[in-house]
Every structure is written in C-alpha cells, then in structure tokens.
file target29.cif (mmCIF, C-alpha atoms)
data_input
#
loop_
_atom_site.label_atom_id
_atom_site.label_comp_id
_atom_site.auth_asym_id
_atom_site.auth_seq_id
_atom_site.Cartn_x
_atom_site.Cartn_y
_atom_site.Cartn_z
CA MET P 1 73.44 -127.46 -123.28
CA ALA P 2 71.39 -126.38 -126.25
CA LYS P 3 68.51 -128.26 -124.81
CA PHE P 4 68.53 -126.10 -121.70
CA SER P 5 68.89 -122.79 -123.44
CA ARG P 6 65.97 -123.52 -125.72
CA LYS P 7 63.74 -124.07 -122.74
CA GLY P 8 64.58 -120.69 -121.24
CA LYS P 9 63.56 -118.70 -124.33
CA GLY P 10 59.85 -118.02 -125.01
CA GLY P 11 59.24 -116.42 -121.54
CA LEU P 12 56.38 -117.39 -119.23
CA PRO P 13 53.20 -118.56 -120.88
CA ALA P 14 50.19 -116.31 -120.08
CA ILE P 15 48.09 -117.66 -117.23
CA SER P 16 44.72 -118.73 -118.49
CA THR P 17 41.94 -116.58 -117.07
CA ALA P 18 39.23 -118.82 -118.40
CA SER P 19 38.37 -120.07 -114.92
CA LEU P 20 38.18 -116.60 -113.39
CA PRO P 21 34.44 -116.21 -113.95
CA ASP P 22 33.86 -119.54 -112.26
CA ILE P 23 35.86 -118.48 -109.25
CA VAL P 24 34.05 -115.17 -108.98
CA PHE P 25 30.72 -116.91 -109.35
CA MET P 26 31.68 -119.20 -106.54
CA ILE P 27 32.41 -116.23 -104.25
CA LEU P 28 29.15 -114.71 -105.38
CA MET P 29 27.23 -117.85 -104.48
CA PHE P 30 28.89 -117.91 -101.08
CA PHE P 31 27.81 -114.36 -100.36
CA MET P 32 24.30 -114.96 -101.59
CA VAL P 33 23.89 -117.94 -99.33
CA SER P 34 25.53 -116.57 -96.22
CA THR P 35 24.02 -113.11 -96.13
CA SER P 36 20.57 -111.72 -96.00
CA MET P 37 19.14 -108.70 -97.73
CA ARG P 38 19.14 -105.52 -95.80
CA GLN P 39 15.51 -104.91 -95.05
CA THR P 40 15.23 -101.42 -93.74
CA ASP P 41 17.25 -98.29 -93.91
CA ARG P 42 18.35 -97.17 -90.51
CA MET P 43 17.17 -93.72 -89.70
CA VAL P 44 18.46 -93.69 -86.16
CA LYS P 45 21.96 -94.03 -84.88
CA VAL P 46 22.33 -97.37 -83.15
CA THR P 47 25.48 -98.54 -81.45
CA LEU P 48 24.55 -101.74 -79.73
CA PRO P 49 25.77 -102.18 -76.17
CA GLN P 50 28.36 -104.82 -75.45
CA ALA P 51 27.60 -108.06 -73.69
CA SER P 52 29.42 -111.34 -73.30
CA GLU P 53 26.63 -113.83 -72.65
CA ILE P 54 24.89 -113.28 -75.93
CA ILE P 55 23.06 -115.98 -77.78
CA LYS P 56 22.16 -116.17 -81.42
CA LEU P 57 18.67 -115.67 -82.64
CA GLU P 58 17.67 -119.02 -84.12
CA ARG P 59 14.97 -117.95 -86.49
CA LYS P 60 15.74 -114.66 -88.16
CA ASP P 61 12.59 -114.79 -90.22
CA LEU P 62 10.43 -114.71 -87.10
CA ALA P 63 11.98 -111.54 -85.79
CA SER P 64 10.63 -108.04 -86.02
CA TYR P 65 12.82 -105.14 -85.22
CA ILE P 66 12.33 -102.04 -83.17
CA TYR P 67 15.12 -99.51 -83.48
CA VAL P 68 15.59 -96.89 -80.81
CA GLY P 69 18.10 -94.09 -80.89
CA THR P 70 18.75 -90.52 -81.85
CA PRO P 71 17.82 -89.66 -85.45
CA LEU P 72 20.65 -89.46 -87.94
CA ASN P 73 21.98 -86.04 -88.83
CA GLN P 74 19.83 -85.54 -91.91
CA TYR P 75 16.64 -86.16 -89.94
CA GLN P 76 17.55 -84.12 -86.91
CA GLY P 77 16.12 -80.92 -88.35
CA LYS P 78 12.73 -82.48 -88.58
CA TYR P 79 12.66 -84.88 -85.66
CA GLY P 80 15.04 -83.36 -83.16
CA THR P 81 17.82 -85.10 -81.29
CA ASP P 82 15.74 -86.90 -78.73
CA SER P 83 15.60 -90.70 -78.84
CA ARG P 84 12.97 -91.91 -81.29
CA ILE P 85 11.47 -95.23 -82.24
CA GLN P 86 11.83 -96.49 -85.77
CA LEU P 87 9.50 -99.17 -87.05
CA ASN P 88 10.05 -100.33 -90.62
CA ASP P 89 10.97 -97.19 -92.50
CA SER P 90 9.59 -94.36 -90.46
CA PHE P 91 9.62 -92.76 -87.05
CA ARG P 92 6.72 -93.86 -84.93
CA THR P 93 5.31 -93.27 -81.50
CA ILE P 94 4.80 -95.76 -78.71
CA ASP P 95 1.11 -96.13 -79.50
CA GLU P 96 1.83 -97.31 -83.01
CA ILE P 97 3.77 -100.33 -81.80
CA ARG P 98 0.49 -102.16 -81.31
CA ASP P 99 -0.42 -101.90 -85.00
CA PHE P 100 3.11 -102.78 -85.99
CA ILE P 101 3.10 -105.95 -83.91
CA ALA P 102 -0.34 -106.90 -85.21
CA ALA P 103 0.86 -106.44 -88.80
CA GLU P 104 4.03 -108.41 -88.21
CA ARG P 105 2.07 -111.19 -86.59
CA GLU P 106 -0.28 -111.25 -89.55
CA ASN P 107 2.67 -111.88 -91.87
CA LEU P 108 3.71 -115.05 -90.11
CA SER P 109 2.11 -118.39 -90.62
CA GLU P 110 -0.28 -119.64 -87.97
CA SER P 111 2.15 -122.17 -86.54
CA ASP P 112 5.00 -119.69 -86.23
CA ARG P 113 3.12 -116.96 -84.41
CA PRO P 114 3.86 -118.09 -80.85
CA PHE P 115 7.58 -117.97 -81.65
CA MET P 116 7.65 -114.42 -82.91
CA THR P 117 10.50 -112.53 -81.36
CA VAL P 118 10.75 -108.80 -81.08
CA SER P 119 14.31 -107.64 -81.30
CA ILE P 120 14.89 -104.33 -79.59
CA LYS P 121 17.89 -102.63 -81.06
CA ALA P 122 18.58 -99.63 -78.96
CA ASP P 123 21.51 -97.31 -78.85
CA GLU P 124 23.67 -97.66 -75.79
CA ASP P 125 23.05 -94.06 -74.78
CA THR P 126 19.30 -94.40 -74.82
CA ARG P 127 17.57 -93.79 -71.53
CA MET P 128 15.62 -96.69 -70.10
CA GLY P 129 12.39 -94.68 -69.94
CA ILE P 130 11.59 -95.18 -73.59
CA ILE P 131 12.64 -98.86 -73.44
CA THR P 132 10.37 -99.42 -70.46
CA ASP P 133 7.49 -97.85 -72.37
CA ILE P 134 8.16 -100.17 -75.29
CA LYS P 135 8.31 -103.17 -72.99
CA GLN P 136 5.01 -102.25 -71.39
CA GLU P 137 3.41 -101.80 -74.78
CA LEU P 138 4.74 -105.18 -75.94
CA ARG P 139 3.32 -106.79 -72.85
CA ARG P 140 -0.01 -105.23 -73.66
CA CYS P 141 0.01 -106.76 -77.14
CA SER P 142 1.33 -110.01 -75.65
CA ALA P 143 4.45 -110.09 -77.74
CA LEU P 144 6.40 -111.52 -74.86
CA LYS P 145 9.44 -113.00 -76.51
CA ILE P 146 11.96 -110.24 -76.80
CA MET P 147 15.62 -109.91 -77.43
CA TYR P 148 17.87 -107.09 -76.40
CA GLY P 149 20.25 -106.61 -79.27
CA ALA P 150 23.87 -106.61 -78.17
CA ARG P 151 27.23 -107.27 -79.64
CA MET I 152 26.73 -119.05 -146.03
CA ALA I 153 24.59 -121.58 -144.28
CA SER I 154 27.42 -123.91 -143.49
CA LYS I 155 29.37 -121.19 -141.66
CA LYS I 156 29.50 -121.74 -137.92
CA THR I 157 28.47 -118.96 -135.58
CA PRO I 158 31.58 -117.31 -134.16
CA GLU I 159 32.33 -118.15 -130.57
CA ILE I 160 31.29 -115.52 -128.08
CA ASN I 161 34.18 -113.91 -126.32
CA GLY I 162 33.92 -114.92 -122.71
CA SER I 163 36.61 -112.74 -121.28
CA SER I 164 34.18 -110.08 -120.05
CA MET I 165 32.28 -112.66 -118.06
CA ALA I 166 34.63 -112.12 -115.15
CA ASP I 167 33.92 -108.39 -115.15
CA ILE I 168 30.19 -108.92 -115.22
CA SER I 169 30.25 -111.41 -112.39
CA PHE I 170 32.48 -109.10 -110.37
CA MET I 171 29.91 -106.40 -110.79
CA VAL I 172 27.14 -108.69 -109.56
CA LEU I 173 29.34 -109.74 -106.66
CA ILE I 174 29.97 -106.16 -105.62
CA PHE I 175 26.28 -105.42 -105.86
CA PHE I 176 25.53 -108.27 -103.48
CA LEU I 177 28.26 -107.21 -101.12
CA MET I 178 26.67 -103.81 -100.85
CA VAL I 179 23.02 -104.71 -100.40
CA THR I 180 23.37 -107.59 -97.97
CA THR I 181 24.30 -107.77 -94.34
CA MET I 182 26.39 -110.40 -92.69
CA ASP I 183 25.77 -109.46 -89.10
CA GLN I 184 24.16 -112.15 -87.10
CA GLU I 185 21.36 -111.39 -84.77
CA LYS I 186 22.77 -111.64 -81.31
CA GLY I 187 21.54 -110.51 -77.99
CA LEU I 188 20.05 -111.36 -74.64
CA SER I 189 16.81 -113.24 -74.91
CA ARG I 190 14.09 -112.53 -72.39
CA ARG I 191 10.52 -113.40 -71.78
CA LEU I 192 8.27 -110.64 -70.53
CA PRO I 193 5.62 -111.43 -67.95
CA PRO I 194 2.11 -111.26 -69.38
CA MET I 195 0.11 -108.15 -68.61
CA PRO I 196 -2.29 -108.80 -65.75
CA ALA I 197 -5.91 -108.54 -66.85
CA GLU I 198 -7.59 -105.33 -65.80
CA ASP I 199 -10.27 -106.93 -63.67
CA GLN I 200 -7.70 -109.05 -61.92
CA LYS I 201 -6.85 -107.82 -58.50
CA VAL I 202 -3.27 -106.95 -57.85
CA GLU I 203 -2.69 -109.77 -55.46
CA ASP I 204 0.12 -109.36 -53.06
CA GLN I 205 2.49 -112.02 -54.09
CA LYS I 206 3.83 -113.16 -50.82
CA VAL I 207 7.21 -114.12 -51.97
CA ASN I 208 9.24 -114.80 -48.92
CA ARG I 209 11.51 -111.90 -48.19
CA ARG I 210 14.59 -114.06 -48.24
CA ASN I 211 13.82 -115.43 -51.68
CA ILE I 212 14.12 -112.19 -53.52
CA ILE I 213 17.03 -109.95 -54.28
CA ILE I 214 16.35 -106.57 -55.70
CA VAL I 215 18.93 -105.25 -58.09
CA ARG I 216 18.31 -101.61 -58.69
CA ILE I 217 19.98 -99.22 -61.08
CA ASN I 218 19.32 -95.58 -60.35
CA MET I 219 19.37 -92.65 -62.70
CA ASN I 220 23.08 -92.12 -62.20
CA ASP I 221 23.79 -95.71 -63.19
CA ARG I 222 24.65 -96.71 -59.64
CA ILE I 223 23.83 -100.29 -58.80
CA PHE I 224 22.23 -101.45 -55.58
CA ALA I 225 21.90 -105.13 -54.77
CA GLY I 226 19.77 -105.87 -51.78
CA ASN I 227 20.05 -102.51 -50.14
CA GLU I 228 23.70 -101.77 -50.49
CA ALA I 229 25.55 -100.05 -53.27
CA ILE I 230 27.69 -102.48 -55.17
CA ASP I 231 30.16 -102.33 -57.98
CA ILE I 232 29.36 -104.12 -61.22
CA SER I 233 32.43 -106.32 -60.81
CA GLN I 234 31.07 -107.76 -57.56
CA LEU I 235 27.54 -108.22 -58.78
CA LYS I 236 28.10 -111.64 -60.35
CA ASP I 237 29.60 -113.15 -57.21
CA LYS I 238 26.83 -111.70 -55.11
CA ILE I 239 24.22 -113.28 -57.37
CA VAL I 240 26.04 -116.61 -57.42
CA GLU I 241 26.13 -116.61 -53.64
CA PHE I 242 22.49 -115.64 -53.51
CA LEU I 243 21.36 -118.38 -55.86
CA THR I 244 23.49 -121.22 -54.58
CA ASN I 245 23.30 -120.44 -50.87
CA PRO I 246 26.13 -122.84 -50.05
CA THR I 247 25.91 -122.52 -46.27
CA ASP I 248 22.10 -122.66 -46.03
CA ASP I 249 22.04 -119.19 -44.55
CA PRO I 250 18.53 -118.35 -43.32
CA ASN I 251 18.78 -114.93 -44.97
CA LEU I 252 19.43 -116.40 -48.41
CA PRO I 253 16.81 -118.19 -50.51
CA GLU I 254 15.38 -121.48 -49.43
CA LYS I 255 15.61 -124.58 -51.54
CA GLU I 256 12.87 -126.92 -52.50
CA VAL I 257 13.67 -130.53 -53.33
CA LYS I 258 12.14 -131.22 -56.69
CA ASP I 259 11.93 -134.34 -58.76
CA ILE I 260 13.75 -133.58 -61.97
CA GLU I 261 12.77 -135.89 -64.79
CA GLY I 262 15.68 -138.02 -65.90
CA PHE I 263 17.92 -136.87 -63.08
CA GLY I 264 16.37 -137.45 -59.69
CA GLN I 265 15.90 -135.18 -56.76
CA TYR I 266 17.69 -131.90 -56.53
CA PRO I 267 17.26 -128.96 -54.18
CA VAL I 268 16.17 -126.18 -56.50
CA SER I 269 16.73 -122.67 -55.25
CA LYS I 270 13.63 -120.52 -55.00
CA GLY I 271 15.60 -117.33 -55.44
CA VAL I 272 14.27 -114.65 -57.73
CA ILE I 273 16.27 -111.72 -59.01
CA SER I 274 14.20 -108.63 -59.40
CA LEU I 275 15.71 -106.04 -61.67
CA GLN I 276 14.49 -102.51 -61.32
CA ASN I 277 15.58 -99.50 -63.22
CA ASP I 278 14.88 -95.83 -63.43
CA ARG I 279 13.69 -93.96 -66.48
CA GLY I 280 17.02 -92.19 -66.52
CA THR I 281 19.19 -95.30 -66.49
CA THR I 282 21.23 -95.67 -69.65
CA TYR I 283 20.55 -98.67 -71.81
CA SER I 284 24.19 -99.75 -71.87
CA LYS I 285 24.28 -100.01 -68.07
CA TYR I 286 21.03 -101.92 -68.07
CA ILE I 287 22.38 -104.44 -70.57
CA GLU I 288 25.63 -104.66 -68.65
CA VAL I 289 23.73 -105.61 -65.50
CA GLN I 290 21.48 -108.02 -67.39
CA ASN I 291 24.61 -109.58 -68.82
CA GLU I 292 26.13 -109.94 -65.36
CA LEU I 293 22.98 -111.68 -64.10
CA VAL I 294 22.99 -114.12 -67.00
CA ARG I 295 26.69 -114.69 -66.42
CA ALA I 296 26.02 -115.64 -62.82
CA VAL I 297 23.36 -118.15 -63.81
CA ASN I 298 25.55 -119.56 -66.55
CA GLU I 299 28.40 -119.99 -64.10
CA ILE I 300 26.23 -121.99 -61.72
CA ARG I 301 24.95 -124.08 -64.60
CA ASP I 302 28.48 -124.72 -65.74
CA ASP I 303 29.45 -125.85 -62.25
CA PHE I 304 26.43 -128.09 -62.05
CA ALA I 305 27.16 -129.58 -65.46
CA MET I 306 30.81 -130.11 -64.56
CA GLN I 307 29.89 -131.94 -61.34
CA ASN I 308 27.20 -134.16 -62.77
CA PHE I 309 28.15 -134.72 -66.38
CA GLY I 310 31.82 -133.80 -66.43
CA LYS I 311 31.36 -131.34 -69.25
CA LYS I 312 30.60 -127.67 -69.69
CA TYR I 313 26.98 -126.69 -70.14
CA VAL I 314 27.30 -125.82 -73.82
CA LYS I 315 28.78 -129.22 -74.64
CA LEU I 316 25.96 -131.18 -73.07
CA SER I 317 23.25 -132.87 -75.05
CA GLU I 318 19.82 -131.31 -75.37
CA GLU I 319 18.29 -133.43 -72.59
CA GLN I 320 21.15 -132.73 -70.21
CA GLN I 321 20.85 -129.02 -70.85
CA GLN I 322 17.17 -129.30 -70.10
CA ILE I 323 18.01 -130.94 -66.76
CA CYS I 324 20.49 -128.16 -65.99
CA ARG I 325 17.91 -125.52 -66.80
CA GLU I 326 15.38 -127.16 -64.51
CA CYS I 327 17.82 -127.55 -61.64
CA ILE I 328 19.10 -124.00 -61.95
CA PRO I 329 16.29 -121.83 -63.22
CA GLN I 330 16.98 -118.36 -64.50
CA ASN I 331 14.46 -116.35 -62.59
CA ILE I 332 15.02 -112.77 -63.55
CA SER I 333 11.99 -110.62 -63.12
CA GLU I 334 11.91 -107.28 -64.81
CA ALA I 335 9.74 -105.43 -62.42
CA GLU I 336 6.89 -103.15 -63.25
CA PRO I 337 8.32 -99.72 -63.90
CA LYS I 338 8.44 -97.56 -60.89
CA ASP I 339 10.20 -94.43 -60.03
CA VAL I 340 13.19 -95.46 -58.02
CA THR I 341 14.63 -91.99 -57.84
CA LYS I 342 12.42 -91.04 -54.95
CA LYS I 343 13.88 -93.59 -52.62
#

call {"tool": "encode", "arguments": {"input": "target29.cif", "output": "structure tokens"}}
result
Amino acid sequence: MAKFSRKGKGGLPAISTASLPDIVFMILMFFMVSTSMRQTDRMVKVTLPQASEIIKLERKDLASYIYVGTPLNQYQGKYGTDSRIQLNDSFRTIDEIRDFIAAERENLSESDRPFMTVSIKADEDTRMGIITDIKQELRRCSALKIMYGAR
Amino acid sequence: MASKKTPEINGSSMADISFMVLIFFLMVTTMDQEKGLSRRLPPMPAEDQKVEDQKVNRRNIIIVRINMNDRIFAGNEAIDISQLKDKIVEFLTNPTDDPNLPEKEVKDIEGFGQYPVSKGVISLQNDRGTTYSKYIEVQNELVRAVNEIRDDFAMQNFGKKYVKLSEEQQQICRECIPQNISEAEPKDVTKK
C-alpha cells in the first residue's frame, strides 16, 4: 500500500515547453509557404460575384489585377461614389490601362508574356458599362487572356 | 575566469518571439486563391480591315441578351436564369437534328475518330446598365451547360467524369464539344 501512496504524492510534473518554439516555427513555415504577400491595398470595395463553375488560376505570378468598384469610405470625399478603376495603388482612368498593361508585360520574362492573364476583380454591383470599356481597352492592347474574378 | 563556461541562454522566450513572427505573417499574407471564369477576348480587328459580314448561318447562333433591368433573353424570348442552362444544352447538342438548331460538322478528332461537332455559337450581349453579378451569373450558366455536355460525352466514351480524365482525353472532349462563347462588340441593347 505504501508503494501506491508514494506515487500519488508529488503532483503532476510540469509539462516541458521546450518544444513549443519548434511547433510554432512549424506553423510559421506552413503559413509562409502556403500564402502569398498581399501586394496592393484595396481602395475600392469589392465583393466578388458568386459562380459555381470557377477554375483556379494556374500561374498567380503571371496575373495582373484590375479592381473595379466604389471607393472605400475614406476616399469617397475625394473620388465620389461612382465605380472607379484601381490599378496598383491608385485610382486610374480607362486610358491608363494601356500603360499599366505595357508595364506589367515588361515585368514578365519573354517566354511568359503570351500567358499573361488579366484578372478583373469587380464588385457585383458594378454596371457592365465600365467593364465593357475595360474589355475593349484590353483588346486594344492585345491582352486577351482575362479572368473574371468570382467566388 | 577563463575556464568558466558561458551561461546557457534562456530559451523560454523563443516561443513568444516566434509567435510574434507568426502573427505578423498571418496579418500581411493572403490565403485566398485566385478563382474565376477564364475567357479569351477576340483580337481587335485592324483599322484598315473591312468589317466583313460574317455570314454565320442564322441557325448556328443563339443570342443571349441581358438588358439594363437584368432581364435575360435567349433567342428572342424572355427566359428565366434557371431555364437558361437547359436551353443552351438543347441548342448545342441538337439531339433531334432540328433544322432550326445548329448544324453539325463531322470532324476528324485526333486520337478519337470522327465526331459530329456542333457549329453552334453562343453570343452574349449586355447593356451598359447590366449589373456585373447578373453578367457573371449568366456566364456561369453558359459554362455550366458546356461542362454538362462534356461530362455526358466523357461518361459515354470514357466512363468517367470530365475532371477525372487524363490530359489527352480532356483535350478530345474539348475538341468534340467546343466552348464557343462570343462576347459581342458592345452595343446598346436598350433601344430594341
């Protein structure tokens, strides 16, 4: 009996936390590998429309993004509430898409240029007029591979 | 003294530091995958090129129109979005060889043999006032119709769904059932 009672004394030994940093580092590594850096700050409100037949974009690095939507609250004083186009970090007009596409194309290597995809991320409440203008402009700069962002 | 060992560094704060780095990464990165509907725009016709009247046979084209009030017209009749897919499937497959539906052209598909490929083209027109969500919804329905036919075709010939086929088999499917969606030149459809 004494044998048993001795075992019960002492309480629980403290769990070693020595491996905690390793575990956290492992989670960290997972996140670093599976995510990508956020490239631009959104200045427009974009709720992507829903679709069921969506496909994944294979090469994220070949994509350039055009955001379309109403400016966020803090920009509304300056830019109004009408749908605007955002390229990189600023509001732009339709005519500036040409330069944007040219610059994006310049950034890619020669062999990747034909595969450049333009991802149009437009808010679901946007009117098609502005999208049509963008499409026409893209056709003019022969950036023909496009993707309508959806979720 | 020289013989004294350096004291061991306390490693217990390592966890805190790595947590901080972890939280930093959680905040600055995005996990969302790029998803969407992929399309290829037609090239812009050169300016000196004459606008040739493409004599696409009347029966080979279906015009899907979305007006400014987000109402959908397929052919010339108003249609609900729920019926659009079936209409497109019927249009593209033309099971009864109806003379009003698209004709088929027997083509030699590499690695498969001869198959009557439908010449049907879906022409999608929209108004400047159409909302983007409706446009995508209709685009989605059109893709769904094509995917359904491809699935049927794959099931009949390979006994598997389209997505489970090998690369070559998918290629055959794509050639037998082309996805001809033309996004028409913008025009004002409100006037009609």

call {"tool": "closest_residue", "arguments": {"input": "target29.cif", "among": "I:Ile223, I:Val294, I:Ile328, I:Ile230", "to": "chain P", "atoms": "all atoms listed in the file"}}
result
I:Val294

call {"tool": "closest_atom_pairs", "arguments": {"input": "target29.cif", "of": "chain I", "to": "chain P", "cutoff": "9 Å", "atoms": "all atoms listed in the file", "output": "CSV"}}
result
residue,atom,partner,partner_atom,distance
I:Gly162,CA,P:Ala18,CA,7.9
I:Ser163,CA,P:Ala18,CA,7.2
I:Ser164,CA,P:Pro21,CA,8.7
I:Met165,CA,P:Pro21,CA,5.8
I:Ala166,CA,P:Pro21,CA,4.3
I:Asp167,CA,P:Pro21,CA,7.9
I:Ile168,CA,P:Pro21,CA,8.5
I:Ser169,CA,P:Phe25,CA,6.3
I:Phe170,CA,P:Val24,CA,6.4
I:Val172,CA,P:Leu28,CA,7.6
I:Leu173,CA,P:Leu28,CA,5.1
I:Ile174,CA,P:Leu28,CA,8.6
I:Phe176,CA,P:Met32,CA,7.1
I:Leu177,CA,P:Phe31,CA,7.2
I:Val179,CA,P:Arg38,CA,6.1
I:Thr180,CA,P:Met37,CA,4.4
I:Thr181,CA,P:Thr35,CA,5.6
I:Met182,CA,P:Thr35,CA,5.0
I:Asp183,CA,P:Thr35,CA,8.1
I:Gln184,CA,P:Lys56,CA,7.2
I:Glu185,CA,P:Leu57,CA,5.5
I:Lys186,CA,P:Lys56,CA,4.6
I:Gly187,CA,P:Gly149,CA,4.3
I:Leu188,CA,P:Tyr148,CA,5.1
I:Ser189,CA,P:Met147,CA,4.3
I:Arg190,CA,P:Ile146,CA,5.4
I:Arg191,CA,P:Lys145,CA,4.9
I:Leu192,CA,P:Leu144,CA,4.8
I:Pro193,CA,P:Leu144,CA,7.0
I:Pro194,CA,P:Arg139,CA,5.8
I:Met195,CA,P:Arg139,CA,5.5
I:Pro196,CA,P:Arg140,CA,9.0
I:Asn277,CA,P:Met128,CA,7.4
I:Asp278,CA,P:Met128,CA,6.8
I:Arg279,CA,P:Gly129,CA,3.8
I:Gly280,CA,P:Arg127,CA,5.3
I:Thr281,CA,P:Met128,CA,5.3
I:Thr282,CA,P:Arg127,CA,4.5
I:Tyr283,CA,P:Glu124,CA,5.2
I:Ser284,CA,P:Glu124,CA,4.5
I:Lys285,CA,P:Glu124,CA,8.1
I:Tyr286,CA,P:Met128,CA,7.8
I:Ile287,CA,P:Pro49,CA,6.9
I:Glu288,CA,P:Ala51,CA,6.4
I:Gln290,CA,P:Ala51,CA,8.8
I:Asn291,CA,P:Ala51,CA,5.9
I:Glu292,CA,P:Glu53,CA,8.3
I:Val294,CA,P:Glu53,CA,6.7
I:Arg295,CA,P:Glu53,CA,6.3
I:Asn298,CA,P:Glu53,CA,8.4
I:Glu336,CA,P:Gln136,CA,8.4
I:Pro337,CA,P:Thr132,CA,6.9

call {"tool": "residues_near_point", "arguments": {"input": "target29.cif", "point": "(9.3, -95.1, -91.7)", "cutoff": "12 Å", "atoms": "all atoms listed in the file", "output": "ChimeraX atom specification"}}
result
/P:40-44,66-67,71,75,84-93,96,100

call {"tool": "write_last_selection", "arguments": {"input": "target29.cif", "atoms": "C-alpha atoms", "output": "mmCIF file, in the frame of the given file"}}
result
data_model
loop_
_atom_site.group_PDB
_atom_site.id
_atom_site.type_symbol
_atom_site.label_atom_id
_atom_site.label_comp_id
_atom_site.auth_asym_id
_atom_site.auth_seq_id
_atom_site.Cartn_x
_atom_site.Cartn_y
_atom_site.Cartn_z
ATOM 1 C CA THR P 40 15.230 -101.420 -93.740
ATOM 2 C CA ASP P 41 17.250 -98.290 -93.910
ATOM 3 C CA ARG P 42 18.350 -97.170 -90.510
ATOM 4 C CA MET P 43 17.170 -93.720 -89.700
ATOM 5 C CA VAL P 44 18.460 -93.690 -86.160
ATOM 6 C CA ILE P 66 12.330 -102.040 -83.170
ATOM 7 C CA TYR P 67 15.120 -99.510 -83.480
ATOM 8 C CA PRO P 71 17.820 -89.660 -85.450
ATOM 9 C CA TYR P 75 16.640 -86.160 -89.940
ATOM 10 C CA ARG P 84 12.970 -91.910 -81.290
ATOM 11 C CA ILE P 85 11.470 -95.230 -82.240
ATOM 12 C CA GLN P 86 11.830 -96.490 -85.770
ATOM 13 C CA LEU P 87 9.500 -99.170 -87.050
ATOM 14 C CA ASN P 88 10.050 -100.330 -90.620
ATOM 15 C CA ASP P 89 10.970 -97.190 -92.500
ATOM 16 C CA SER P 90 9.590 -94.360 -90.460
ATOM 17 C CA PHE P 91 9.620 -92.760 -87.050
ATOM 18 C CA ARG P 92 6.720 -93.860 -84.930
ATOM 19 C CA THR P 93 5.310 -93.270 -81.500
ATOM 20 C CA GLU P 96 1.830 -97.310 -83.010
ATOM 21 C CA PHE P 100 3.110 -102.780 -85.990
#

call {"tool": "residues_around", "arguments": {"input": "target29.cif", "residues": "Gln265 (chain I)", "least_positions_apart": "3", "cutoff": "12 Å", "atoms": "only C-alpha atoms", "output": "PyMOL selection string"}}
result
chain I and resi 255-262+268+323+326-327

call {"tool": "atom_distance", "arguments": {"input": "target29.cif", "atom1": "CA of Leu243 (chain I)", "atom2": "CA of Ile300 (chain I)"}}
result
8.4 Å

call {"tool": "atom_distance", "arguments": {"input": "target29.cif", "atom1": "CA of Ala103 (chain P)", "atom2": "CA of Thr70 (chain P)"}}
result
24.9 Å

call {"tool": "atom_distance", "arguments": {"input": "target29.cif", "atom1": "CA of Gly271 (chain I)", "atom2": "CA of Asn218 (chain I)"}}
result
22.6 Å

call {"tool": "resolve_selection", "arguments": {"input": "target29.cif", "expression": "the PyMOL selection byres ((chain I and resi 273) around 7)", "output": "list in words"}}
result
Ile212, Ile213, Ile214, Gly271, Val272, Ser274, Leu275, Asn331, Ile332 and Ser333 of chain I

call {"tool": "residues_around", "arguments": {"input": "target29.cif", "residues": "Gln276 (chain I)", "least_positions_apart": "6", "cutoff": "7 Å", "atoms": "all atoms listed in the file", "output": "PyMOL selection string"}}
result
chain I and resi 215-217+334-335

call {"tool": "residues_near_point", "arguments": {"input": "target29.cif", "point": "(23.2, -113.9, -53.1)", "cutoff": "10 Å", "atoms": "all atoms listed in the file", "output": "ChimeraX atom specification"}}
result
/I:210-213,225-226,235-246,251-253,271,273
